[in-house]
Structures are given as C-alpha cells and as structure tokens.
Amino acid sequence: MNITHKMVRLAALAALVPFAACSDILSLDVEAPGRIEDDDLNIVGAMPGIAAGAQYNFTTALDAVVFQAALASKDIGYGGSYGFDNTAMGIFKFEDDDWGEYGTMSRARWTAEHGLMRMKEVLGATQYEKDASVARAYLSGGFANRLLGELQCRVNFDELVDGEYQAGPDRPHTDAFIRADSMFSRAIAVGTAAGSSAASIVNAAYAGRASVRAWMGRWDEAVVDAAKVPTTFMWNSTFSSTQTNYLWVETNSRREYSVFGSFWQSVTTDPRVKWVTTTQKGQDGQTPFYRQMKYATNADDIPIAHGAEMRVLQAEAALRKGDYATAETNLNLARAKWSMAPLTLSRTAADAWTTLRFERYATTWLEGRKLWDWRRWSVEGAPMKDPQSGTRDMCWPISQAEARANPNIKIGAGGQWGGCPTCG
Amino acid sequence: MRRVATALALLATSLAWVPTATPASAQEQGRISGVVRSADTQRPLSGAQVFIQGTRIGGLSNQEGRYLINGVPAGTHQVRVTIIGYAQTGQTVTVAAGQTVTADFSIAESAVSLEGLVVTGTAKEVRAREVGSALDAVTSRELENVAVTNAENILAGRVPGLTVLQGNGQPGAGTTVRIRAQTTVSSTTDPLIYVDGVRIFHETVGTQGGARLGLSPLQDIAAEDIERIEVIKGASAATLYGTEASGGVIQIFTKRGVSGAPIWNAEVTQGINNQPDFNIGGDPWDIFTKCGTEMYGISMQTATYGQDQKFRDVTCPSSGRWFSNGPVARYSLSVRGGSGGLGYFVSMNYNDEDGTLPTQNAKLGGMRVNLDFSPAEDFKVQVNSAISMRDLTFVEDGNSLRGFLLNVGRGYSGNYLARAGDERCAGLASDVTCFTNEYIWIDANNWTRADRFTTGLTVQHDATENLTNRLVIGWDFNQINNKRWQKWGAILTPLGNYANSITYHQKLSIDYAGTFSKPISETVSSAFSWGGQIFRDNHRRTEVSTNDFAGPGVPTLSSGGRAPGAPTDVPYTQTNAGIFLQEVIGYQDLLFLTLGLRVDGNSAFGDDFGLEKYPKASVAYVISDYGFWPTSWWETMKLRGAFGYSGRAPGAFDKLRTWSPISDDGTPGFSPRDVGNSAVGPERTREIEVGFDASMFQGIAGLEFTYYNSKTTDALVGVSQPGSEGGWGTRTENVGELMAEGIEMQVNGVFYRSDFLEWRGRANVAFNRSEAQDLNCADLDGNAANGKETCQIVGVGNGAFIRVGHTIPTYWGWKIMNPDEHAAPIRSDSILPIGPVMPTRLLGFSTSLSIGDYITVDALLEHQGGHYLPNFTGYQNERRGVWYNCYEAQRAMAAVSKGGSPSLLDPYTALERARCATNIMGAGASTNPSGHDANYWIDKADFWKLRSVSVSFQFPEAWIGRYADRATFTLAGRNLIKWTDFEGTDPEIEDYSDRAGQGTGAGAYGRREYYSLPPSRQFLATLRVTF
C-alpha cells in the first residue's frame, strides 16, 4: 500500500471524527422538546405547576366519569352509538372493561398525593405548611379520593413496601373517604396558614370534608363543616375553550345522551334541571333528542362542591334526626339560590325523604353524584332507599386493567376482581 | 455519545485499512455499441446491463435495446449481458483505439435468472446466484402496458407474501403494505423504503380527521420512473439493514441515463373513475346511494316498529344516483440519454383526477432528475433528485358526522334532515320525511397538500479491480399539510370550524459500504464487505383548530372566536447508527456461503441498553451446474437457505419518564406522560428461510418456493401499569415472544408460443400463520386457583387483540354458537376469537397474451383470504332499521313482539336473528342478550378482484414513420370485478383514523369498514410514444 495515500486517508478520517462527534447528525440522544423530563420538576418554581397538574387530572377524571355516572343513575338517558347500553341498563360488567376510567381517577389521586411528596421535598417543611399550592394539591387529592369512594365498589392505592411505592391490594371503598377526610383537613390547615389567597380552597375543603364525613356516618361533624360554606359558594372543575366539557360535546354535536328516557324527562320547569326538546334524534337514529342545557357551552364548569349542596346535606342530617323544620329550612335556603319558591316538607318520613331525594338530585344534577346517593340510601333501606334504584348495579368494580397489572388484587364477591357492583 | 464514538471508531478503522487504489495508467480507448434483443421475440430489451467482464466498465440498454460503452481500453474483451428474466450471455469483442465496435446480443429468456445483478440484502450488487434468500423483483418491462400509477399499484398482487390493501376509495388515498406475517405487537408494520439507495421516510401519514385515510410514501414514486423494484421480505434477508428492518425492505430503482442520443417518452392518459353498485343482497337502493322517488326504512319507534318509513332526499342528483363518473387525466414526459461519460434521465408527470363524488379531486405532479457521470476513470457519481406534489380534496368519509355514507347510507337515520320549511321539500306527501344530504360536501372541506423532495448523492470508487467503495448521502424531506373546514352556516356546526395540521419529516442518511473481492484459489472466491449507516430523523406534527366564525368567507386560523382545544405540537429527533461486516465465500461458482454481522445503536434505546447485534448466515447452492443435472429440460436449480436477525426500534420516547405541559383553566402545570424504561431495547426477529429457484424447459417454466419461520423475541409490549401507580398507561418493555411462518411460491411460464401468439402467466401463492407465544405472561399472585395467570392482552383497536396462542392480531367478540340453526340464537359465554385481521392467504395471477406483433393483453387477478373485517355499516344500519338485508327478519321480529306467532321467525337462522335483532327503545341488550351486538357483524373478508385488464396496440412502424420510434395505444381497466361474500362496502377497507394518533399507526392494527368509500373502478386509454 502506498504509505502516502494511507497517511492522507487517516488524516482525513481523523479530521472527520471530531466533526462527527460534535455534529447533531451523530447524536444518539433522543430530542423531545415539549415533554418535560421528570428530574426537571424538582425546583421550587415548578410547584404551582404540580398543584395545577393535580387539579387538571381531577377535572379530567370527573369529566370522564360524570356522564357514565349520570347514565347509570338515570340522570340522563342514552340515545347514542357508543354501546353504553349496559351502563344505561345499570349493568356494570367487569369483562366489558368499560370502566377504564378507574385508571383516570387513580391518576388524579396519584398526581395529588405524589405531587405533595415532591412538594415537601422541594419546598422544605416550613414553606410546605403555608404554601397555597400545597393546599390546592391537598384539596385535589381529597376530591379525587372522594370520587373513588363514591363510585367504586372497592378501591386500591399504591402503598409503601420496602421503601418503594407499589400498587396495593383492594380495600373497602370507605378507605378512600378516610384518605379524603385527611387530605381535606390538611387543605384546611395549610390553606388557612397560607392566608387569604387560599380562602376559596379552605371553603371547598370544608365542603369536601363535610360530604365525606357524612358518608362515613359522622353527620354531626359534617353539619359543622357544611355550615361554614356559604350557599352561593361554588368550587368547580374548570373547563375552557381549550379543555372541553365532554358532557357538552356528547349532548350537543354528538347527541349521545338525551334527557328523554331519564328521570328528568317529565320535569320541565325546574331551573336546576335545564333542558330543551329538539326535533332531532339521538345518535342511534331512534331516540328523541332532548338536549341538556345545564352545560350550555363546552367551557361550562362542572361543580365539585357548592353551598347549595351543603344546605341539602344539612337538611338530610336534620331529617335523619326527624327534625323536619330544620330540614325544610335548609332545603329552601338551597332553592333560594335559584329563586325558587319555598317548599313545604311533609312530616311523613317516606314523603319527606322523597322530597329530599328529589331536591338533592336536582341540586347536583349532572355532577356525577346521584349514583352514590342511590347506593348509600339503598344500603340504608326505607325510607331512604330510592325505589327507582331497584336492583341495578350502583358501583363499579376495579378495572380489569388494574387487576391484570396488579398482583395484589384478588377476586372478590360476585366473581369479579375488586368487588361486585351490587354489594353496596 | 459513547455508542456513537464506538461506531465511528469501528467505521474509521475499517476504512483506514482499505487498500489504496493504484491509479490506472492512461490507455488508448474505443467504444462498443449494439442492440440487445430477446432471442424468443426479437423485441429490443431495455435495462440490460452490458459490461466488460472483470471491469466496472459498462452501460445500460435503452428502450430500443441500444447500448453504448465508452472508454473501453483497446484490446480484446469478453462482453457480458445480464438482465433479470434472461440467461446471461456474452461475446468476445476486439476494440481498436478511437473506434466503435458493434456487438449485438440476442439473449434467451430464463424463468429464473441467476446472473442478473441484484442488491437484495447485500452490501453491493451481486449476481442472483450468490444470494441465499428469496429474490422478488418487478421490472418495468412487466409493466409497460399495465394500468399502474405508482409503486404501490405495481406491487399489488405481483410479489408473493406482500399484502397491499386498498384502504379507501377516494382519489389520492394510500394503501396499506405489509410483508409476510406480522411480527410485532406495538411497532409499525410499514416496510423500509429505499429509492436509488437513499432511505426515505417510509411511514404512512394520516390526513385530517374527516377523510380518514392515509398517504403512502409509495404513492410518491411515479410508475413511469421505475426501472425495477426489489422486495426484501424477511429478517434473514434484511439483517444488513439492521434495526427497523423487521418489516422488510422495498428497494426502488428508477430509470437512469444511457449512452446515446436522447430518447423521449411521452404518455397521455384519459379515463374515468367509476363507482360500481354495491350489490348487497339485492338492495334496490344500494345503501341509499340510488335515489328513489321515495325510499323505505323500517321504523324502530315504539309505536310503529316494523312499519315502512318513507323518506326522500330532495338533493339527490337527477341522475338518480349520488355517484357519477370522475374524469382522469395523466400526462408524463421523460428523456434519457448520455454521452461523454454523462448519463441523464429527466421525467415529469402530472395527474388530475376527479372522484365519483363531487369535490373529490387528486392532483399529483412530480419531476425526477437522475444524473450519472464519471469524474475519473475509477469514480462513478450519481445524483438523483425527485420532487413530488399531491394536492388532494376529499369528502368526509367513515365514522364522521358529516361522512358521505354515514349520512346518505343511513337513509332515514341520516343527519341531514331537512330544516322545517325548506322549500325543496314542498310537495312531498305528509308521510315522507325530507332529507338534504347535499350539505355533506357543501359544508365540509378536506384538503391535503403533500410534498416530498428526495435527493441523493452516490459516489462509487472502484479503487482496484477488487476493491469497491460506495458512499450514499441522502436527504428526504416531507411536508403534509391537512386542512379541514366546516364553513360558517353549516347545518351541523352553524358557526363553522377549521383545523390545520402539518407534518414535517426529514430523514438524513449517510451510507457507506466497501467490498474487497478476490479469488483465494482457482475454486474459492472471497468478497469481504464492511460499512456503516447513520440515519437521522427529524419529525414534527402540529395541529391547531379554531371554531366559531363571525360570518362567511374562507377562514384562517385567526378567524375563529374560540379554540376548541389546545394546539398539538409533537416534535422529535431520532438517530440510528450501525456498522456491518460481511464475508461471501464462493466455491466453484456453485456454492456461496455468506456470513454477516450488523451492530446498531439507536437514540430510542434505553440508556442502560447499549448496542444491538444482528448476525446472519446464508447459503446458495446452484446444483444445476453439476454435470449430472438434467439440464436438457431442467436448466436451473438453486437451493438456498438463510438465517438472520433484524430488529425494530422502540418508540422515540419509550425510554424517558416525561411529563406533559397542561393548562388548568389558564394555570400551567404538569401531567404524567411517559412512564419510561431505561432498559428498553429493540425487538429482535430471527428468521430461518429455505427454498429453491428452478427454471425448466428452456426458460419456459419457472418455480420459486420459500418456507420461512421467524421468531421475535424481546418483542416490545406496552405493559399495563396499575392505575394506582399513577395512571401512566403502559410501559414499553421487551417481554414478548411471537412466531410467524409461511410458504411462498411463484410459478411462471409460457403456456403457448408460436410465431403469431404467445401466452404467458405467473401465479403467486402465499400462506402465512402467526402466533403470540408470550406476552409478559405471569401468574400474578402465585395462586393458579385465583385465575390471575395472566398474559398481557394487547388491544389493537376495533375489537382486535393480540393474545397468547392466537394469530397476530385477531378479532375477538361474542359469537352465536348455533349460527345456521333456525332457532333462537345462543350466545357464547365469553368473548371468543373470531378470526385474523390480516389475510393469511394471498394469491395473484397475472397473464399476458401477445397476438402478432402488435397486440398485447395483460390481466391481473388477486385473491386475499383467511381474514375478517367488521361490517359496521351493516351493524349501524341494522340497529337503525335501515339495512335492507334485515328488513324481512325485522318485520317478523316486530310482529312477534306484538303478539304474532313465534313461527314467523322460522325462516331465519340464529345468526340472522342475532344480527338483525335491533335494540328497540333500549330494550335490546338486557332483554335479548343474543341480539344487537357489533360482534356479530365481524365477517369473513375473503375476496377475489380482477385488479387490472389492459389491451395494448403497438403501432406498426409504417404507421408512425419518421415521427416516432415506437407508439402504443392501451385501453386498461382497474378494479373491474370483485367477488366476495363480505356485506360491507369493500373487504379491503382500512379507516386510517383508527391508527393511533394519526401518526405512524404503530400499535393500532384493527381494521373496520365503517361507512367507508370503496375503491372505484378506473377505465383508462393511454397513448405512449417514444421518439
């Protein structure tokens, strides 16, 4: 071989190597602008974003489940093409795996709870105890746990094992209420310390804690919390033109859900239950399409907790004690929010409960709450139980996706992993 | 960077030790020219490689069979001619300095040519006899008279084991191309594509949501430009292509310049697109695409179900049918020639065709410039550049509220119910419901502009007689701009909306290969190859939408008053780099053993993974060259076997744990995005392939047979993560094991030959089978009694799953267990496998009949079978009482439900009863669990299609005189006849929007026919002139 030629070639290659090493062409690092790497979030400036992410994921979860809960509880009727016939019939089949939203609800819980762990590490103990973002994350975690407790037959959480968080076994759905209660309490404490900027968070936390304490049977404590929430107060899952309220989508352009065939089909003048008739058919081409108007645009918010609900909760607490007058007063305080005429509550338990159920259903229409009301009252029996709930399924089993991926989930009663829908 | 440095060091080392060329001394030179003809027909042969044996000096024959070799050293040389489909031949030529010697060749046809040069899975061009894997090539000579527009048309039905599904019938819609059985559960199945040695962006890209179709890169390569296509089908052949090559490789070679005077080719085509009737069960309204004075559905309202429901669409054309013929016009012009060491091929093409519905239009144009020159005696340089442009207008299709068939095809249940007081409804009887479906295309506009620019520089340095170095630098740029616009005043969206998505993809490639060939002894030869490639992909997809215009007019993205969602912006950059080594040892030119190894790094590999290694080995044994072989009637027999690995890279983000930026009512925040896996690597497919190529009866008959068996290990599976651990969805892990096997045969031959008539044909037969063998299987809780033995069940859309023990992928669903009994349907207790998503049986029959010197008839018949497809058009119409085939059964069911005799149902089978049982006012699912389920509409999708027929007339020389060298007039038809029992619009349908995210489509394989427009027929007349 000609030594000169060889030297030239080696020199050329040697010159190429640093060029290549510096060049983008040879970089084996994947470049993914727009996605944020996990470690980059460990800075103080990212903490408001962590809290916003927790609330965003709760909004996403509520948006995903609210219409299914409404469908299952006859808050709205089915006239679509998605194949939710089973849900509309009150049949929750584990094998159908329709309830993939379990993962969405769990994500809402996880982003709040693990976000708080990150916040504690990044902010330090002192700032952590008075930071409005921390209070906000606690609040989102509380509502996420309440959502799980209300809609799931059983629940599970990730749990600390040997220093690592792992998907845990299934537990009674009331465990979610216990976690929610704790998180609402922390939201109140930290929010109060944070000052006026967190006043709404504190109000919402009282409303959330009032509800879960009621669901745990601690009605006296629930009434104390509820009383702190003004009737006009609202805490919403916020939607916007860029984060669409899908219940609006499904009841407008899609025409998947119609008030026709729902509990409210014959209720035409209640300002809390706004809907209109149309000449159109639902997406199935058969069902008369009656459009809900509670959410009139895709940016309309879904209430998570509000003062009117608290008045109805106080009314229920009173009715449980046979205090018809207090119950009537609170129901009328709630109705006044919509400028509705006062009602006179029957002093007969069965009739009074019928009225209270109607008032609660109307006050929380299309907010994803009625299925839980059916369920808790069904367990308690007459006069609370709503005859309309019949023998329908009233809670969802843990999803197949969770069961398959989590070795700690056992087969429950009814042959379904994570509990049977009719087990209360 | 460590891996890059390693790869680079290896490459540098290999280059550094390449022996240096010794400059050739100047010699006196002459030229050789002549004509290459077929010995059987005496017709000129284009594309023949004529070269001086033992050198790199040579040239190509042009369309008239003429060739010219410049720069031939004075002296006596052995000149050889090779061309695929013909036996090699040669003659001794003596060249004097400064003179041109004529050497004409007449070469015999060979059903299996072992001397043709191919690049199939090799480091450099080699003779077919040396290759140990199946060789499949389609050449331009086979397509001269056939109605093909682009590369995907060429491949359909012509390559055994290659499936081309015409996914949608709109002009400009792309096809789905798959090679052999599926060997992945999460990655793209699109094969890699090379054009003139440059790897291009090979993935199908979706249009805007409304049109629901994909654009295939193969559409960008005009048929007129293609010299030949080679298909590398399995991992064993694709090893040297490394990561990403498991889905096979398609190598396209475009035409090149040839020495001699310029030769022009002009082509003009006129024709029509025509939509044939669906002809489903005698439906007189053809899924309501034919307009009657009044049409009928069956009302499913409580009070009247089972009754005729009259309706009329007052906007239906006066012709009585929504479909009409769409004109097709195509023009192309090319010139090729060369002199003085420069060769050129320049082509331009322009197509303009309307669809069978108003507003459907496809305009396609392109230009290609291929240049060859030799700056020095031992250097050859090719510069190839091409630009293609597609301007496409679609109607809304598929499962869209504004979809054509979803509305027209739903008859009484369509969306475009006329507004009260619409004057066009005046005069209709009071019991006739008035519809105005014309608004489907007045209101909706779907437009796509797709541009591609590909350029490549190839430098070949023949340093010595034994040493060749080749460097290819390529750049491929794609831009797909989709717009969807619902105008202000539209019925369904009165304020209108507008969405715009743009996909950019650039692929930069650097590909070096060197080969040192030298006889080791008189009987043993050696060819050692080395090289490396770097591919860098830059991708970006953005989408922005706006809603609610203030008034009429053509909107922009700032016209709307409201943004319906956050903008989408998905950019990424990914790099793959690899090096390879290969040694081919030949023994007596009969036996060839190839050993190779490729080592790859990829930016998508996890940080803990490292490099991937893909070995290969193959054997080719030309047993017919032995003396004992009965060559008098069986002249060629090559046995071959190959073993090798190839891979598929993980997704660009699979290794990273990332968060997405979100906005919670204006507050920015973070949400879990990718869970990440730092150990993720490529999936590896190992394939064993054996087969033979035989030619008999003096080239009249040929047979190629291949059996392959592949096993994919470390298959990338999206392993579900418990929602309770954060709801991250799935994590991509290397935990799957898949198998695939199949046989492929090609039989070709001349059935009859006389002076006046020649009839030849080719049959392709392929069967494949695949099975998922392990998908992260584990007994989750260690207690078999708990039933928690689980393997990952991978949902791939539309009721299709990949599950252990079943074909990849398979439709699952409830089944009627007594389908043919005239009895109440009995539903299975659980969902069961129904059948494969993709064809398992592929047959293609092509034939060519030459009558006299002037007339040629070509035809291609194709069968695909063994697969299933959901007929959701039937299902959705049935549940609305507007599926003609269910009318009678539904009337009977209605009568029975009103108290009629159950015997009214006797004429109907259990399956008919289940399919036609409608969900009357919400009572269906619970009261009649055997009725009303989309699963019952997943049907066999076997079909036969007469893909093309053409009749060509070559004008006698006396007619064209001095105006042209050759002129041909061709009448051709495509998609002429379909035979199938599938009741939907077409068994080949693929709704591209079903593919994940309308991006690459990876991981979403389930198909469905959901009010999708079927491929239309084409009738074309073409005048082709060479001058």
# chains A, B, ... in the order shown; residues from 1 in each chain; ligands from 1
call {"tool": "interface_residues", "arguments": {"of": "chain B", "to": "chain A", "cutoff": "6 Å", "atoms": "only C-alpha atoms", "output": "JSON, numbers by chain"}}
result
{"B": [16, 413, 563, 564, 565, 566, 572, 573, 574, 575, 603, 657, 658, 659, 660, 664, 665, 668, 669, 670, 671, 720, 721, 722, 723, 724, 725, 726, 727, 780, 781, 880]}
call {"tool": "write_last_selection", "arguments": {"atoms": "C-alpha atoms", "output": "PDB file, in the first residue's frame"}}
result
ATOM      1  CA  ALA B  16      -8.348   3.120   7.192  1.00  0.00           C
ATOM      2  CA  SER B 413     -81.440   7.787  10.019  1.00  0.00           C
ATOM      3  CA  ALA B 563     -60.227  27.440  20.176  1.00  0.00           C
ATOM      4  CA  PRO B 564     -61.825  24.022  20.761  1.00  0.00           C
ATOM      5  CA  GLY B 565     -58.683  22.534  22.203  1.00  0.00           C
ATOM      6  CA  ALA B 566     -55.048  23.172  22.918  1.00  0.00           C
ATOM      7  CA  TYR B 572     -38.816  14.585  17.986  1.00  0.00           C
ATOM      8  CA  THR B 573     -35.446  13.698  16.622  1.00  0.00           C
ATOM      9  CA  GLN B 574     -34.206  10.152  16.419  1.00  0.00           C
ATOM     10  CA  THR B 575     -30.943   8.676  15.224  1.00  0.00           C
ATOM     11  CA  SER B 603     -31.327   7.024  20.236  1.00  0.00           C
ATOM     12  CA  ARG B 657     -40.041   9.345  32.020  1.00  0.00           C
ATOM     13  CA  THR B 658     -41.681  12.564  30.976  1.00  0.00           C
ATOM     14  CA  TRP B 659     -44.498  14.914  31.865  1.00  0.00           C
ATOM     15  CA  SER B 660     -46.740  16.832  29.524  1.00  0.00           C
ATOM     16  CA  ASP B 664     -55.692  24.021  34.140  1.00  0.00           C
ATOM     17  CA  ASP B 665     -58.021  26.866  33.317  1.00  0.00           C
ATOM     18  CA  PRO B 668     -49.785  25.961  33.568  1.00  0.00           C
ATOM     19  CA  GLY B 669     -48.953  22.624  35.062  1.00  0.00           C
ATOM     20  CA  PHE B 670     -47.666  19.098  34.513  1.00  0.00           C
ATOM     21  CA  SER B 671     -49.338  15.778  33.919  1.00  0.00           C
ATOM     22  CA  SER B 720     -50.127  -2.062  31.536  1.00  0.00           C
ATOM     23  CA  GLN B 721     -49.152  -0.185  34.633  1.00  0.00           C
ATOM     24  CA  PRO B 722     -51.581  -0.226  37.522  1.00  0.00           C
ATOM     25  CA  GLY B 723     -53.662   2.911  37.554  1.00  0.00           C
ATOM     26  CA  SER B 724     -52.989   3.092  41.250  1.00  0.00           C
ATOM     27  CA  GLU B 725     -49.311   3.709  40.468  1.00  0.00           C
ATOM     28  CA  GLY B 726     -50.071   6.919  38.674  1.00  0.00           C
ATOM     29  CA  GLY B 727     -52.138   6.045  35.636  1.00  0.00           C
ATOM     30  CA  LEU B 780     -49.582 -12.572  39.148  1.00  0.00           C
ATOM     31  CA  ASP B 781     -50.409 -13.726  42.628  1.00  0.00           C
ATOM     32  CA  ARG B 880     -81.481   1.822  12.940  1.00  0.00           C
TER      33      ARG B 880
END
call {"tool": "atom_distance", "arguments": {"atom1": "CA of Val35 (chain B)", "atom2": "CA of Ala108 (chain B)"}}
result
14.2 Å
call {"tool": "residues_around", "arguments": {"residues": "Val570 (chain B)", "least_positions_apart": "6", "cutoff": "7 Å", "atoms": "only C-alpha atoms", "output": "list in words"}}
result
Arg540, Arg541 and Thr542 of chain B
call {"tool": "write_last_selection", "arguments": {"atoms": "C-alpha atoms", "output": "mmCIF file, in the first residue's frame"}}
result
data_model
loop_
_atom_site.group_PDB
_atom_site.id
_atom_site.type_symbol
_atom_site.label_atom_id
_atom_site.label_comp_id
_atom_site.auth_asym_id
_atom_site.auth_seq_id
_atom_site.Cartn_x
_atom_site.Cartn_y
_atom_site.Cartn_z
ATOM 1 C CA ARG B 540 -42.752 17.463 13.817
ATOM 2 C CA ARG B 541 -46.531 17.394 13.749
ATOM 3 C CA THR B 542 -48.533 20.440 14.703
#
call {"tool": "residues_around", "arguments": {"residues": "Asp589 (chain B)", "least_positions_apart": "6", "cutoff": "10 Å", "atoms": "only C-alpha atoms", "output": "MDAnalysis selection string"}}
result
chainID B and resid 129:130 523:525 621:622 625
call {"tool": "write_last_selection", "arguments": {"atoms": "C-alpha atoms", "output": "compact mmCIF listing (two decimals), in the first residue's frame"}}
result
# COMPACT_ATOMS: atom_id res chain seq x y z
CA ARG B 129 -26.88 -16.97 -7.86
CA GLU B 130 -24.93 -15.79 -4.83
CA THR B 523 -12.05 -22.66 -6.92
CA VAL B 524 -12.62 -20.42 -3.93
CA SER B 525 -13.60 -16.78 -4.13
CA TYR B 621 -26.13 -23.70 -3.98
CA VAL B 622 -26.54 -23.83 -7.74
CA ASP B 625 -24.35 -26.50 -12.67
call {"tool": "select_by_dssp", "arguments": {"residues": "region 288-344 of chain A", "states": "strand (DSSP E or B)", "output": "PyMOL selection string"}}
result
chain A and resi 288-292+302-306
call {"tool": "residues_around", "arguments": {"residues": "Arg311 (chain A)", "least_positions_apart": "4", "cutoff": "12 Å", "atoms": "only C-alpha atoms", "output": "ChimeraX atom specification"}}
result
/A:207,210-211,222-233,305-307,315-318,326-337,356,359-360,363-364
call {"tool": "write_last_selection", "arguments": {"atoms": "N, CA and C atoms", "output": "CSV table (one decimal), in the first residue's frame"}}
result
chain,number,residue,atom,x,y,z
A,207,ALA,N,-66.3,22.0,52.4
A,207,ALA,CA,-67.5,21.3,51.7
A,207,ALA,C,-67.1,19.9,51.5
A,210,ALA,N,-67.1,17.9,54.7
A,210,ALA,CA,-68.5,17.7,55.2
A,210,ALA,C,-69.1,16.5,54.5
A,211,SER,N,-68.9,16.4,53.2
A,211,SER,CA,-69.5,15.3,52.5
A,211,SER,C,-68.9,14.0,52.9
A,222,ALA,N,-70.1,16.6,60.0
A,222,ALA,CA,-70.4,17.1,58.6
A,222,ALA,C,-71.2,18.4,58.7
A,223,VAL,N,-72.2,18.4,59.5
A,223,VAL,CA,-73.0,19.6,59.6
A,223,VAL,C,-72.2,20.8,60.0
A,224,VAL,N,-71.2,20.6,60.9
A,224,VAL,CA,-70.4,21.7,61.4
A,224,VAL,C,-69.6,22.3,60.2
A,225,ASP,N,-69.0,21.4,59.4
A,225,ASP,CA,-68.2,21.8,58.3
A,225,ASP,C,-69.1,22.5,57.2
A,226,ALA,N,-70.3,21.9,57.0
A,226,ALA,CA,-71.2,22.4,55.9
A,226,ALA,C,-71.6,23.8,56.2
A,227,ALA,N,-71.8,24.0,57.5
A,227,ALA,CA,-72.4,25.3,57.9
A,227,ALA,C,-71.4,26.5,57.6
A,228,LYS,N,-70.1,26.1,57.4
A,228,LYS,CA,-69.1,27.1,57.1
A,228,LYS,C,-69.0,27.5,55.7
A,229,VAL,N,-69.8,26.8,54.9
A,229,VAL,CA,-69.8,27.1,53.4
A,229,VAL,C,-71.0,27.9,53.0
A,230,PRO,N,-70.8,29.1,52.5
A,230,PRO,CA,-71.9,30.0,52.1
A,230,PRO,C,-72.7,29.3,50.9
A,231,THR,N,-74.0,29.6,50.9
A,231,THR,CA,-74.9,29.0,49.9
A,231,THR,C,-74.4,29.3,48.5
A,232,THR,N,-73.9,30.5,48.3
A,232,THR,CA,-73.5,30.9,47.0
A,232,THR,C,-72.1,30.4,46.5
A,233,PHE,N,-71.4,29.7,47.5
A,233,PHE,CA,-70.1,29.3,47.1
A,233,PHE,C,-70.1,28.1,46.1
A,305,ALA,N,-68.1,20.9,44.4
A,305,ALA,CA,-68.8,21.1,45.8
A,305,ALA,C,-69.3,22.5,45.8
A,306,HIS,N,-70.5,22.7,46.4
A,306,HIS,CA,-71.1,24.0,46.5
A,306,HIS,C,-72.0,24.2,47.7
A,307,GLY,N,-72.3,25.5,48.0
A,307,GLY,CA,-73.0,25.8,49.1
A,307,GLY,C,-74.4,25.2,49.1
A,315,ALA,N,-79.9,19.5,55.5
A,315,ALA,CA,-81.3,19.1,55.5
A,315,ALA,C,-81.4,17.6,55.8
A,316,GLU,N,-80.5,16.9,55.1
A,316,GLU,CA,-80.5,15.4,55.2
A,316,GLU,C,-80.1,15.0,56.7
A,317,ALA,N,-79.1,15.7,57.2
A,317,ALA,CA,-78.7,15.4,58.6
A,317,ALA,C,-79.9,15.6,59.5
A,318,ALA,N,-80.6,16.7,59.3
A,318,ALA,CA,-81.7,17.0,60.1
A,318,ALA,C,-82.8,16.0,60.0
A,326,THR,N,-85.9,22.0,60.5
A,326,THR,CA,-84.6,22.4,60.0
A,326,THR,C,-84.3,21.9,58.6
A,327,ALA,N,-84.8,20.7,58.4
A,327,ALA,CA,-84.6,20.1,57.0
A,327,ALA,C,-85.3,21.0,56.0
A,328,GLU,N,-86.5,21.4,56.3
A,328,GLU,CA,-87.3,22.3,55.4
A,328,GLU,C,-86.5,23.6,55.2
A,329,THR,N,-86.1,24.2,56.2
A,329,THR,CA,-85.4,25.5,56.2
A,329,THR,C,-84.2,25.4,55.2
A,330,ASN,N,-83.4,24.4,55.5
A,330,ASN,CA,-82.2,24.2,54.6
A,330,ASN,C,-82.5,24.0,53.2
A,331,LEU,N,-83.5,23.1,52.9
A,331,LEU,CA,-83.9,22.9,51.5
A,331,LEU,C,-84.3,24.2,50.9
A,332,ASN,N,-85.0,25.0,51.6
A,332,ASN,CA,-85.5,26.3,51.0
A,332,ASN,C,-84.3,27.3,50.8
A,333,LEU,N,-83.3,27.2,51.7
A,333,LEU,CA,-82.2,28.1,51.5
A,333,LEU,C,-81.5,27.7,50.2
A,334,ALA,N,-81.4,26.4,50.0
A,334,ALA,CA,-80.8,25.9,48.7
A,334,ALA,C,-81.6,26.4,47.5
A,335,ARG,N,-82.9,26.2,47.6
A,335,ARG,CA,-83.8,26.6,46.5
A,335,ARG,C,-83.7,28.1,46.2
A,336,ALA,N,-83.5,28.9,47.2
A,336,ALA,CA,-83.4,30.3,47.1
A,336,ALA,C,-82.3,30.7,46.1
A,337,LYS,N,-81.3,29.9,46.1
A,337,LYS,CA,-80.2,30.2,45.2
A,337,LYS,C,-80.7,30.4,43.8
A,356,LEU,N,-86.7,15.1,49.8
A,356,LEU,CA,-85.2,15.4,50.0
A,356,LEU,C,-84.4,14.8,48.8
A,359,GLU,N,-84.8,16.9,45.8
A,359,GLU,CA,-84.0,18.2,46.0
A,359,GLU,C,-82.5,17.9,45.8
A,360,ARG,N,-82.0,16.8,46.4
A,360,ARG,CA,-80.6,16.6,46.2
A,360,ARG,C,-80.3,16.2,44.8
A,363,THR,N,-80.4,19.4,42.8
A,363,THR,CA,-79.3,20.4,43.2
A,363,THR,C,-78.0,19.9,42.6
A,364,THR,N,-77.8,18.6,42.5
A,364,THR,CA,-76.5,18.1,42.0
A,364,THR,C,-76.6,17.4,40.6
call {"tool": "closest_residue", "arguments": {"among": "B:Ile826, B:Ile440, B:Val459, B:Ile585", "to": "Gly210 (chain B)", "atoms": "only C-alpha atoms"}}
result
B:Ile440
call {"tool": "residues_around", "arguments": {"residues": "region 252-255 of chain B", "least_positions_apart": "5", "cutoff": "7 Å", "atoms": "only C-alpha atoms", "output": "ChimeraX atom specification"}}
result
/B:194-196,225-230,345
call {"tool": "residues_around", "arguments": {"residues": "Gly414 (chain B)", "least_positions_apart": "6", "cutoff": "9 Å", "atoms": "only C-alpha atoms", "output": "PyMOL selection string"}}
result
(chain A and resi 285) or (chain B and resi 406-408+435+437)
call {"tool": "select_by_dssp", "arguments": {"residues": "region 194-386 of chain A", "states": "helix (DSSP H, G or I)", "output": "PyMOL selection string"}}
result
chain A and resi 194+196-215+219-227+246-250+307-320+324-336+349-363+370-380
